[in-house]
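Asker: Structure file input17.txt (compact mmCIF, C-alpha atoms) right here:
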```
# COMPACT_ATOMS: atom_id res chain seq x y z
CA MET L 1 55.93 20.29 43.40
CA VAL L 2 52.22 20.48 43.99
CA SER L 3 51.39 23.95 45.20
CA THR L 4 49.16 24.90 48.06
CA ASN L 5 46.27 25.21 45.60
CA THR L 6 45.50 21.61 46.51
CA LYS L 7 42.27 21.68 48.45
CA GLN L 8 41.23 18.03 48.70
CA TYR L 9 42.80 14.62 49.17
CA LEU L 10 40.19 12.12 48.06
CA LYS L 11 40.15 8.39 48.66
CA PRO L 12 37.62 6.68 46.42
CA VAL L 13 36.67 3.14 47.38
CA SER L 14 35.34 1.95 44.02
CA LEU L 15 36.35 2.28 40.38
CA ASP L 16 33.09 4.07 39.63
CA GLU L 17 33.75 6.62 42.35
CA ALA L 18 37.35 7.12 41.17
CA TRP L 19 36.18 7.62 37.59
CA ARG L 20 33.52 10.11 38.67
CA LEU L 21 36.07 12.09 40.68
CA MET L 22 38.43 12.14 37.70
CA LYS L 23 35.67 13.51 35.50
CA ASP L 24 34.46 16.00 38.14
CA HIS L 25 37.91 17.51 38.64
CA GLY L 26 39.21 17.21 35.08
CA SER L 27 42.67 18.68 34.61
CA LYS L 28 42.60 20.00 38.19
CA GLY L 29 42.52 16.48 39.63
CA LYS L 30 45.57 14.21 39.79
CA LEU L 31 45.62 10.49 40.43
CA VAL L 32 47.89 9.38 43.24
CA GLY L 33 49.32 5.86 43.36
CA GLY L 34 52.77 6.02 44.89
CA GLY L 35 52.49 9.77 44.53
CA ILE L 36 56.11 10.41 43.55
CA ASP L 37 55.39 12.09 40.25
CA VAL L 38 52.56 14.16 41.66
CA VAL L 39 54.80 15.40 44.48
CA LEU L 40 57.66 16.21 42.14
CA TYR L 41 55.96 17.29 38.95
CA GLY L 42 52.28 17.89 39.75
CA PRO L 43 51.04 21.02 37.99
CA PRO L 44 50.35 24.02 40.25
CA GLU L 45 46.70 24.16 39.23
CA THR L 46 46.07 20.79 40.89
CA GLU L 47 43.17 21.17 43.31
CA ALA L 48 42.27 17.57 44.09
CA LEU L 49 44.46 14.56 44.72
CA ILE L 50 42.64 11.29 44.01
CA ASP L 51 44.31 8.40 45.80
CA VAL L 52 43.63 5.12 43.99
CA THR L 53 45.48 2.83 46.38
CA GLY L 54 42.26 1.87 48.16
CA LEU L 55 40.73 0.28 45.05
CA GLY L 56 42.30 -3.15 45.44
CA LEU L 57 44.46 -2.69 42.36
CA GLY L 58 47.68 -3.96 43.90
CA VAL L 59 47.27 -7.64 43.03
CA ILE L 60 49.78 -9.51 40.86
CA GLU L 61 48.11 -12.56 39.32
CA GLY L 62 50.18 -15.20 37.63
CA GLY L 63 47.67 -16.73 35.20
CA LYS L 64 48.41 -19.47 32.64
CA ASP L 65 48.64 -17.24 29.59
CA VAL L 66 48.97 -13.78 31.09
CA LEU L 67 50.66 -12.17 34.08
CA GLY L 68 48.31 -9.50 35.42
CA ILE L 69 50.01 -6.71 37.34
CA GLY L 70 47.67 -4.46 39.31
CA ALA L 71 48.28 -0.79 38.63
CA THR L 72 49.05 0.06 42.26
CA ALA L 73 51.45 -2.82 42.80
CA THR L 74 54.78 -1.25 43.70
CA LEU L 75 57.94 -1.90 41.74
CA THR L 76 59.30 -3.72 44.80
CA GLU L 77 56.25 -5.98 44.92
CA LEU L 78 56.71 -6.80 41.25
CA LEU L 79 60.45 -7.34 41.72
CA GLU L 80 59.89 -9.73 44.62
CA HIS L 81 56.87 -11.58 43.22
CA PRO L 82 57.59 -15.28 42.57
CA ALA L 83 55.91 -15.08 39.16
CA THR L 84 58.62 -12.77 37.86
CA ALA L 85 61.57 -14.95 38.89
CA ASP L 86 61.94 -16.82 35.61
CA LEU L 87 59.37 -15.11 33.39
CA HIS L 88 60.99 -14.18 30.06
CA SER L 89 64.53 -14.88 31.22
CA GLY L 90 63.80 -13.08 34.49
CA ILE L 91 64.05 -9.77 32.67
CA LEU L 92 61.60 -7.93 34.90
CA ARG L 93 63.84 -8.51 37.91
CA GLU L 94 66.92 -7.66 35.89
CA VAL L 95 65.41 -4.31 34.97
CA LEU L 96 63.66 -3.40 38.19
CA VAL L 97 66.73 -3.86 40.32
CA CYS L 98 68.33 -1.09 38.21
CA VAL L 99 65.40 1.29 38.55
CA ALA L 100 66.14 4.08 41.04
CA SER L 101 66.65 2.93 44.64
CA PRO L 102 64.74 0.66 47.02
CA LEU L 103 63.41 3.78 48.79
CA LEU L 104 61.75 4.85 45.54
CA ARG L 105 60.76 1.37 44.33
CA ASN L 106 58.89 0.84 47.60
CA LEU L 107 56.63 3.75 46.65
CA ALA L 108 56.54 3.80 42.85
CA THR L 109 53.70 1.85 41.26
CA VAL L 110 53.55 0.01 37.96
CA GLY L 111 50.57 2.06 36.80
CA GLY L 112 52.36 5.25 37.75
CA ALA L 113 55.47 4.18 35.88
CA VAL L 114 53.35 3.84 32.73
CA ALA L 115 51.16 6.90 33.23
CA SER L 116 54.09 9.22 33.94
CA VAL L 117 55.53 8.50 30.44
CA HIS L 118 59.03 9.49 31.43
CA PRO L 119 61.33 9.44 28.41
CA TRP L 120 64.02 7.72 30.47
CA SER L 121 61.67 5.02 31.79
CA ASP L 122 63.28 1.59 31.91
CA VAL L 123 59.97 0.07 32.97
CA ILE L 124 58.17 1.26 29.85
CA ALA L 125 60.98 -0.02 27.63
CA VAL L 126 60.85 -3.50 29.06
CA LEU L 127 57.04 -3.66 29.06
CA LEU L 128 56.96 -2.68 25.39
CA SER L 129 59.52 -5.36 24.57
CA LEU L 130 57.25 -7.96 26.16
CA ASP L 131 54.13 -6.87 24.22
CA ALA L 132 52.40 -5.59 27.35
CA SER L 133 48.87 -4.31 27.30
CA ALA L 134 47.10 -1.97 29.70
CA VAL L 135 43.59 -2.47 31.03
CA CYS L 136 41.83 0.83 31.57
CA TYR L 137 38.61 1.69 33.32
CA GLU L 138 36.36 4.18 31.56
CA GLU L 139 32.64 4.87 32.06
CA GLY L 140 31.98 1.57 33.83
CA LYS L 141 33.85 -0.52 31.26
CA GLU L 142 37.22 -2.21 31.23
CA ILE L 143 39.07 -1.70 27.96
CA GLU L 144 42.36 -3.36 27.05
CA PHE L 145 44.84 -1.49 24.86
CA PRO L 146 48.21 -2.60 23.57
CA LEU L 147 50.60 -0.53 25.66
CA GLU L 148 52.27 0.81 22.54
CA GLN L 149 48.93 2.17 21.31
CA LEU L 150 48.05 3.73 24.66
CA LEU L 151 51.41 5.49 24.92
CA GLU L 152 50.93 7.01 21.47
CA ASN L 153 47.51 8.37 22.41
CA ARG L 154 48.48 10.86 25.10
CA GLU L 155 45.05 12.39 25.40
CA ARG L 156 43.55 9.04 26.25
CA LEU L 157 46.48 8.13 28.50
CA HIS L 158 46.02 11.29 30.55
CA ASN L 159 42.28 10.81 30.86
CA THR L 160 41.96 7.14 31.61
CA LEU L 161 42.29 5.04 34.74
CA ILE L 162 44.86 2.30 34.25
CA ILE L 163 43.88 -0.63 36.44
CA GLN L 164 46.19 -3.40 35.27
CA VAL L 165 49.18 -4.10 33.06
CA ARG L 166 49.17 -7.49 31.35
CA LEU L 167 52.09 -9.47 30.04
CA PRO L 168 51.67 -12.45 27.73
CA ARG L 169 53.46 -15.48 29.17
CA ALA L 170 54.37 -17.13 25.84
CA ALA L 171 58.00 -18.13 26.26
CA ARG L 172 60.40 -15.39 25.19
CA PHE L 173 64.08 -14.92 25.64
CA ALA L 174 64.81 -11.39 26.67
CA ALA L 175 67.60 -9.03 27.72
CA PHE L 176 67.95 -5.43 28.82
CA GLU L 177 70.78 -2.95 28.81
CA LYS L 178 70.88 0.49 30.41
CA PHE L 179 73.68 2.97 29.95
CA ALA L 180 74.02 5.16 33.01
CA ARG L 181 76.74 6.25 35.38
CA THR L 182 75.00 4.46 38.25
CA GLY L 183 71.90 2.32 38.61
CA PHE L 184 70.24 5.24 40.39
CA ASP L 185 70.98 7.61 37.54
CA VAL L 186 68.72 8.40 34.60
CA GLY L 187 70.14 6.51 31.65
CA MET L 188 71.68 7.96 28.52
CA LEU L 189 69.93 5.20 26.59
CA ASN L 190 68.19 1.94 27.35
CA CYS L 191 67.59 -1.07 25.16
CA ALA L 192 65.18 -3.98 25.71
CA VAL L 193 65.05 -6.97 23.38
CA SER L 194 62.95 -10.11 23.26
CA VAL L 195 62.42 -12.93 20.78
CA ILE L 196 60.17 -15.94 20.59
CA PRO L 197 62.16 -18.94 19.34
CA ASP L 198 60.89 -20.69 16.23
CA GLY L 199 63.13 -23.65 15.64
CA GLN L 200 66.54 -22.10 15.04
CA VAL L 201 65.27 -18.67 14.00
CA CYS L 202 63.91 -15.59 15.76
CA ASN L 203 60.22 -14.94 15.70
CA THR L 204 58.21 -11.97 16.99
CA VAL L 205 61.34 -9.91 17.56
CA ARG L 206 60.91 -6.86 19.76
CA MET L 207 63.62 -4.24 19.98
CA VAL L 208 62.87 -1.18 22.08
CA PHE L 209 65.04 1.87 22.73
CA GLY L 210 64.30 4.51 25.36
CA GLY L 211 65.94 7.68 26.61
CA THR L 212 66.90 8.57 23.07
CA PRO L 213 66.12 11.11 24.73
CA ALA L 214 62.50 10.50 23.71
CA ILE L 215 60.26 7.90 25.34
CA ALA L 216 60.87 4.22 24.58
CA LYS L 217 59.70 3.00 21.20
CA ARG L 218 59.98 -0.15 19.14
CA LEU L 219 62.50 0.08 16.31
CA ARG L 220 60.71 -1.81 13.60
CA SER L 221 63.46 -1.71 10.98
CA ALA L 222 65.81 -3.54 13.34
CA GLU L 223 63.09 -6.00 14.35
CA GLU L 224 62.30 -6.77 10.71
CA HIS L 225 65.97 -7.22 9.92
CA LEU L 226 66.29 -9.97 12.52
CA GLU L 227 62.91 -11.61 12.00
CA GLY L 228 63.20 -15.18 10.67
CA LYS L 229 66.99 -15.29 11.11
CA PRO L 230 69.15 -17.27 13.51
CA LEU L 231 71.10 -15.43 16.19
CA THR L 232 74.61 -15.75 14.81
CA GLU L 233 77.52 -13.40 15.27
CA SER L 234 76.95 -11.94 11.83
CA THR L 235 73.18 -11.38 12.23
CA ILE L 236 73.79 -9.81 15.63
CA GLU L 237 76.40 -7.45 14.18
CA GLU L 238 74.20 -6.56 11.19
CA THR L 239 71.22 -5.88 13.45
CA ALA L 240 73.36 -3.70 15.70
CA GLN L 241 74.36 -1.61 12.70
CA VAL L 242 70.77 -1.37 11.45
CA ALA L 243 69.63 -0.22 14.89
CA ALA L 244 72.40 2.36 15.21
CA ASN L 245 71.68 3.80 11.78
CA ALA L 246 67.88 3.80 12.06
CA LEU L 247 67.39 5.00 15.63
CA ASP L 248 66.07 8.53 15.98
CA VAL L 249 68.43 10.09 18.53
CA ARG L 250 69.04 13.63 19.72
CA ASP L 251 71.47 15.60 21.86
CA ASP L 252 70.59 16.54 25.41
CA LEU L 253 72.46 17.29 28.62
CA ARG L 254 73.12 13.60 29.24
CA ALA L 255 74.61 12.55 25.93
CA SER L 256 75.11 13.63 22.34
CA ALA L 257 73.17 12.11 19.49
CA SER L 258 76.28 10.50 18.04
CA TYR L 259 77.18 8.95 21.38
CA ARG L 260 73.65 7.60 21.70
CA ARG L 261 73.95 6.11 18.23
CA ASP L 262 77.08 4.27 19.31
CA LEU L 263 75.33 3.13 22.48
CA ALA L 264 72.45 1.76 20.40
CA ALA L 265 74.85 -0.52 18.55
CA VAL L 266 76.55 -1.63 21.76
CA GLY L 267 73.22 -2.18 23.52
CA THR L 268 71.83 -4.20 20.64
CA ARG L 269 74.95 -6.34 20.46
CA ARG L 270 75.00 -7.01 24.20
CA CYS L 271 71.27 -7.74 24.41
CA LEU L 272 71.24 -10.08 21.45
CA LYS L 273 74.32 -11.95 22.69
CA ARG L 274 72.65 -12.40 26.04
CA VAL L 275 69.44 -13.54 24.35
CA ALA L 276 71.47 -16.08 22.34
CA GLU L 277 73.13 -17.38 25.52
CA ARG L 278 69.80 -17.69 27.27
CA TRP L 279 68.25 -19.37 24.27
CA SER L 280 71.00 -21.99 24.10
CA ALA L 281 70.79 -22.51 27.88
CA GLY L 282 66.99 -22.63 27.76
CA ILE L 283 66.53 -19.93 30.43
CA MET Z 1 41.83 17.11 57.43
CA ARG Z 2 42.63 14.64 60.21
CA ILE Z 3 44.80 11.54 59.93
CA ASN Z 4 45.75 8.75 62.30
CA LEU Z 5 49.26 7.38 62.35
CA ASN Z 6 50.91 4.71 64.40
CA ILE Z 7 54.34 6.22 64.96
CA ASN Z 8 56.90 4.04 66.69
CA GLY Z 9 54.12 1.98 68.22
CA THR Z 10 52.02 4.89 69.46
CA GLN Z 11 48.70 5.75 67.86
CA GLN Z 12 48.36 9.48 67.20
CA ALA Z 13 46.04 11.85 65.34
CA PHE Z 14 47.14 14.95 63.45
CA GLU Z 15 45.54 17.82 61.60
CA ILE Z 16 47.13 18.22 58.18
CA THR Z 17 46.54 20.03 54.92
CA PRO Z 18 45.85 17.92 51.80
CA GLU Z 19 49.18 18.58 50.12
CA GLU Z 20 51.41 18.19 53.17
CA LYS Z 21 54.17 15.61 53.04
CA LEU Z 22 54.74 13.00 55.69
CA LEU Z 23 58.25 14.38 56.28
CA ASP Z 24 56.93 17.81 57.21
CA VAL Z 25 54.25 16.43 59.50
CA LEU Z 26 56.72 14.18 61.32
CA ARG Z 27 59.20 16.99 61.86
CA ARG Z 28 56.46 19.39 62.95
CA GLU Z 29 55.38 16.83 65.52
CA GLY Z 30 58.89 16.53 66.92
CA TYR Z 31 60.37 13.57 65.08
CA MET Z 32 63.51 15.49 64.21
CA GLY Z 33 65.49 12.34 63.50
CA VAL Z 34 63.70 12.38 60.14
CA LYS Z 35 66.00 14.73 58.27
CA LYS Z 36 65.01 17.12 55.54
CA GLY Z 37 67.59 16.95 52.78
CA CYS Z 38 66.78 17.33 49.12
CA GLY Z 39 62.98 17.16 49.32
CA SER Z 40 62.93 15.32 46.00
CA GLY Z 41 63.64 11.68 46.82
CA ASP Z 42 67.31 11.81 45.90
CA CYS Z 43 69.17 11.77 49.21
CA GLY Z 44 67.26 9.39 51.52
CA ALA Z 45 67.87 11.51 54.65
CA CYS Z 46 64.13 11.49 55.32
CA ALA Z 47 63.72 7.70 55.11
CA VAL Z 48 61.15 6.12 57.41
CA LEU Z 49 59.61 2.70 57.51
CA PHE Z 50 56.12 2.99 56.04
CA ASN Z 51 54.04 -0.14 56.66
CA GLY Z 52 57.25 -2.13 56.80
CA HIS Z 53 59.02 -0.65 53.77
CA ALA Z 54 61.64 2.08 53.80
CA VAL Z 55 60.50 5.10 51.77
CA ASN Z 56 61.45 8.72 51.27
CA SER Z 57 58.96 10.52 53.49
CA CYS Z 58 59.42 13.72 51.46
CA LEU Z 59 57.58 11.98 48.59
CA VAL Z 60 54.65 10.65 50.63
CA PHE Z 61 51.52 12.73 51.00
CA ALA Z 62 50.71 12.69 54.70
CA ALA Z 63 47.08 11.99 53.79
CA LYS Z 64 48.17 8.83 51.98
CA ALA Z 65 49.73 7.64 55.24
CA ASP Z 66 46.44 7.78 57.14
CA GLY Z 67 46.17 4.55 59.11
CA ALA Z 68 49.77 3.54 58.41
CA GLU Z 69 52.45 2.26 60.74
CA ILE Z 70 55.51 4.50 60.69
CA LEU Z 71 58.87 3.73 62.21
CA THR Z 72 61.36 6.57 62.55
CA VAL Z 73 64.88 6.34 63.88
CA GLU Z 74 63.56 7.49 67.28
CA GLY Z 75 61.63 4.23 67.53
CA LEU Z 76 64.66 1.95 67.40
CA ALA Z 77 66.36 2.47 70.74
CA LYS Z 78 64.82 0.97 73.86
CA GLY Z 79 65.27 3.58 76.55
CA ARG Z 80 69.00 4.33 76.64
CA ALA Z 81 69.88 1.06 74.93
CA LEU Z 82 70.65 1.65 71.27
CA HIS Z 83 69.46 -0.73 68.60
CA PRO Z 84 72.23 -3.05 67.30
CA ILE Z 85 72.17 -1.18 63.98
CA GLN Z 86 72.82 2.11 65.79
CA GLU Z 87 75.55 0.46 67.89
CA ALA Z 88 77.19 -0.86 64.74
CA PHE Z 89 77.15 2.53 63.00
CA LEU Z 90 78.77 4.13 66.06
CA SER Z 91 81.36 1.45 66.71
CA VAL Z 92 82.77 1.33 63.16
CA GLY Z 93 82.74 5.10 62.73
CA ALA Z 94 80.04 5.22 60.07
CA VAL Z 95 78.78 8.50 61.50
CA GLN Z 96 80.49 11.78 60.71
CA CYS Z 97 78.23 14.81 60.44
CA GLY Z 98 75.32 12.47 61.10
CA TYR Z 99 72.80 14.03 58.75
CA CYS Z 100 72.40 10.95 56.55
CA THR Z 101 72.65 8.49 59.44
CA PRO Z 102 68.96 8.16 60.39
CA GLY Z 103 68.05 7.39 56.77
CA MET Z 104 70.95 4.94 56.46
CA VAL Z 105 69.85 3.24 59.67
CA ILE Z 106 66.26 2.93 58.46
CA SER Z 107 67.35 1.49 55.09
CA THR Z 108 69.57 -0.95 56.97
CA TYR Z 109 66.68 -1.93 59.22
CA ASP Z 110 64.53 -2.65 56.16
CA LEU Z 111 67.31 -4.70 54.53
CA LEU Z 112 68.15 -6.77 57.60
CA SER Z 113 64.53 -7.49 58.42
CA ARG Z 114 64.25 -9.21 55.02
CA THR Z 115 67.80 -10.38 54.44
CA PRO Z 116 69.54 -11.21 57.74
CA ASP Z 117 72.85 -12.14 56.08
CA PRO Z 118 73.22 -9.82 53.10
CA SER Z 119 76.07 -9.88 50.61
CA GLU Z 120 78.07 -6.70 50.07
CA GLN Z 121 76.27 -6.24 46.77
CA GLU Z 122 72.91 -6.45 48.54
CA ILE Z 123 74.08 -3.91 51.11
CA ARG Z 124 75.27 -1.51 48.42
CA GLU Z 125 71.97 -1.94 46.59
CA ALA Z 126 69.95 -1.37 49.79
CA LEU Z 127 71.82 1.85 50.57
CA SER Z 128 71.79 3.11 47.00
CA GLY Z 129 69.11 5.69 47.79
CA ASN Z 130 70.99 7.13 50.80
CA LEU Z 131 73.60 9.73 50.01
CA CYS Z 132 76.46 10.59 52.38
CA ARG Z 133 78.67 13.59 51.72
CA CYS Z 134 81.16 12.95 54.51
CA THR Z 135 82.51 9.45 54.91
CA GLY Z 136 82.18 7.90 51.49
CA TYR Z 137 80.20 4.70 52.17
CA VAL Z 138 82.98 2.29 53.14
CA LYS Z 139 82.24 2.65 56.83
CA GLN Z 140 78.50 2.36 56.37
CA ILE Z 141 78.88 -0.90 54.50
CA GLU Z 142 81.09 -2.18 57.32
CA ALA Z 143 78.46 -1.02 59.79
CA VAL Z 144 75.69 -2.92 58.03
CA LYS Z 145 77.80 -6.09 58.02
CA LYS Z 146 78.49 -5.63 61.73
CA ALA Z 147 74.82 -4.91 62.46
CA ALA Z 148 73.81 -8.06 60.59
CA ALA Z 149 76.26 -10.08 62.67
CA LEU Z 150 75.02 -8.51 65.93
CA LEU Z 151 71.40 -9.18 65.05
CA ARG Z 152 72.16 -12.79 64.09
CA GLU Z 153 73.94 -13.24 67.43
CA ASP Z 154 70.94 -11.77 69.22
CA SER Z 155 68.56 -14.10 67.41
CA HIS Z 156 70.74 -17.11 68.33
CA ASP Z 157 70.81 -15.99 71.96
CA ALA Z 158 67.06 -15.48 72.10
```
For this file, produce the structure as structure tokens.
Answerer:
Amino acid sequence: MVSTNTKQYLKPVSLDEAWRLMKDHGSKGKLVGGGIDVVLYGPPETEALIDVTGLGLGVIEGGKDVLGIGATATLTELLEHPATADLHSGILREVLVCVASPLLRNLATVGGAVASVHPWSDVIAVLLSLDASAVCYEEGKEIEFPLEQLLENRERLHNTLIIQVRLPRAARFAAFEKFARTGFDVGMLNCAVSVIPDGQVCNTVRMVFGGTPAIAKRLRSAEEHLEGKPLTESTIEETAQVAANALDVRDDLRASASYRRDLAAVGTRRCLKRVAERWSAGI
Amino acid sequence: MRINLNINGTQQAFEITPEEKLLDVLRREGYMGVKKGCGSGDCGACAVLFNGHAVNSCLVFAAKADGAEILTVEGLAKGRALHPIQEAFLSVGAVQCGYCTPGMVISTYDLLSRTPDPSEQEIREALSGNLCRCTGYVKQIEAVKKAAALLREDSHDA
């Protein structure tokens, strides 16, 4: 929890002002969107809370090629937005309804879900599987990064102002699987898969595993194995085995590495079967 | 610092410190129906309606709520007449120790204001952030169904 060292709660009204406050306070300033992570995990040296919810960053724009999700849009707003109903097999709704509880989704923001880089994040896993990018505001400029690249560059991630998450709208079939005791619970593993159909074969395959217990990452060996192949029972089974063997898993209090490896195979199988069903049904 | 809140329809101003949580301010100001449970967003005992959405008030900086409309469980009854959701919780026995009840009632209020005729799955989902250590949820789900029916009757009568 944030300690009583906090001396200021600041409410910038422009991106420039927010950026200046971030720079002025450095590591002693924390951005507040929904505020959940700052309340729960904010470092004790935090002196200034910089609330970015007054910057007009809560808009969800369903453009022709890209869905733009404002960084301070809540997970509930994204879940309920008409643009997400059938986008990429409706996977955003499928995932978000399993993220925590409505009480938390009503507060948690999309930008916060990215910036908090929780290893168990289902949101990050699904965004990576859909080739999301993040638009950041730095020194008066808007810069777009592939989300994968931004997540790998923690120094930049912790020192930038995410203003939007963008999802390409090119038709994909997608599926998600989370292994947890309850929807509210932190998962033992999650798995997000998407493919772009190219005739009868898979193109631009994305296979992402999170809670390994590390943060979600694409598993390129499994993606490459499936690329250019049809989704048959045998390719699904082979890909499941490739994923299980290649995934970097570890033990933690939630599950053992060997259990996670088994879950990776099951998750891959289930996701790819669901993708195949959706592909054949055209949804 | 000073904030303004509309609590249960009444505009009020409070002095707060920058790191204070909405839960602590509400309880300090006498809204004891907002229960302090886990303090970490797990139990839902502190749920309030924040600009129309049920949230865990233990996770909301009070300063963030400046200018917001807050509904606590105290704002539901009209005089001595309980709200239909409260009536439903009492009549089906969904209240035992009562500590989780205000949060359950607020989550129910949020659900029924958006989904007047929810399925059992939708009810379970809506209450998934509210933990009860006494009764085990069956009664609460019955209560939400009954509350939904009462509210639909009221809207037909109106």
Asker: Against chain L, which residues of chain Z fall within 8 Å? For each one I want the closest pair of atoms and the distance in Å (one decimal), counting only C-alpha atoms, rows by chain and increasing residue number, as a Markdown table.
Answerer:
```
| residue | atom | partner | partner_atom | distance |
| --- | --- | --- | --- | --- |
| Z:Thr17 | CA | L:Lys7 | CA | 7.9 |
| Z:Pro18 | CA | L:Tyr9 | CA | 5.2 |
| Z:Glu19 | CA | L:Thr6 | CA | 6.0 |
| Z:Ser40 | CA | L:Leu40 | CA | 6.6 |
| Z:Gly41 | CA | L:Leu104 | CA | 7.2 |
| Z:Gly44 | CA | L:Leu103 | CA | 7.3 |
| Z:Ala47 | CA | L:Leu103 | CA | 7.4 |
| Z:His53 | CA | L:Asn106 | CA | 6.3 |
| Z:Ala54 | CA | L:Leu103 | CA | 5.6 |
| Z:Val55 | CA | L:Leu103 | CA | 4.4 |
| Z:Asn56 | CA | L:Leu103 | CA | 5.9 |
| Z:Leu59 | CA | L:Ile36 | CA | 5.5 |
| Z:Val60 | CA | L:Gly35 | CA | 6.5 |
| Z:Phe61 | CA | L:Gly35 | CA | 7.2 |
| Z:Ala63 | CA | L:Tyr9 | CA | 6.8 |
| Z:Lys64 | CA | L:Asp51 | CA | 7.3 |
| Z:Ser107 | CA | L:Leu103 | CA | 7.8 |
| Z:Glu125 | CA | L:Ser101 | CA | 7.5 |
| Z:Ala126 | CA | L:Pro102 | CA | 6.2 |
| Z:Leu127 | CA | L:Ser101 | CA | 7.9 |
| Z:Ser128 | CA | L:Ser101 | CA | 5.7 |
| Z:Gly129 | CA | L:Ser101 | CA | 4.9 |
```
Asker: Counting all atoms listed in the file, what is within 12 Å of segment 83-90 of chain Z, bar same-chain residues fewer than 4 positions away, as a PyMOL selection string?
Answerer: chain Z and resi 73-79+94-96+98+100-113+135+137-155
Asker: So what do you get for atom CA of Pro44 of chain L versus atom CA of His158 of chain L, distance-wise?
Answerer: 16.6 Å
Asker: Compute the distance from (62.8, 11.7, 29.5) to each atom, counting only C-alpha atoms, keep the residues with any atom at most 9 Å away, and return them as a ChimeraX atom specification; use the coordinates of the file.
Answerer: /L:117-121,186,210-215
Asker: Find the residues near Leu26 of chain Z: any atom within 12 Å, counting all atoms listed in the file, skip ones fewer than 5 places away on the same chain, and give them as a PyMOL selection string.
Answerer: chain Z and resi 5-8+12-16+20-21+31-36+46-48+57-58+60-62+65+70-74
Asker: What separation in Å, quoted to one decimal, exists between atom CA of Lys178 of chain L and atom CA of Leu263 of chain L?
Answerer: 9.5 Å
Asker: So what do you get for atom CA of Ala276 of chain L versus atom CA of Glu148 of chain L, distance-wise?
Answerer: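 Taking atom CA of Ala276 of chain L and atom CA of Glu148 of chain L, their separation equals 25.6 Å.
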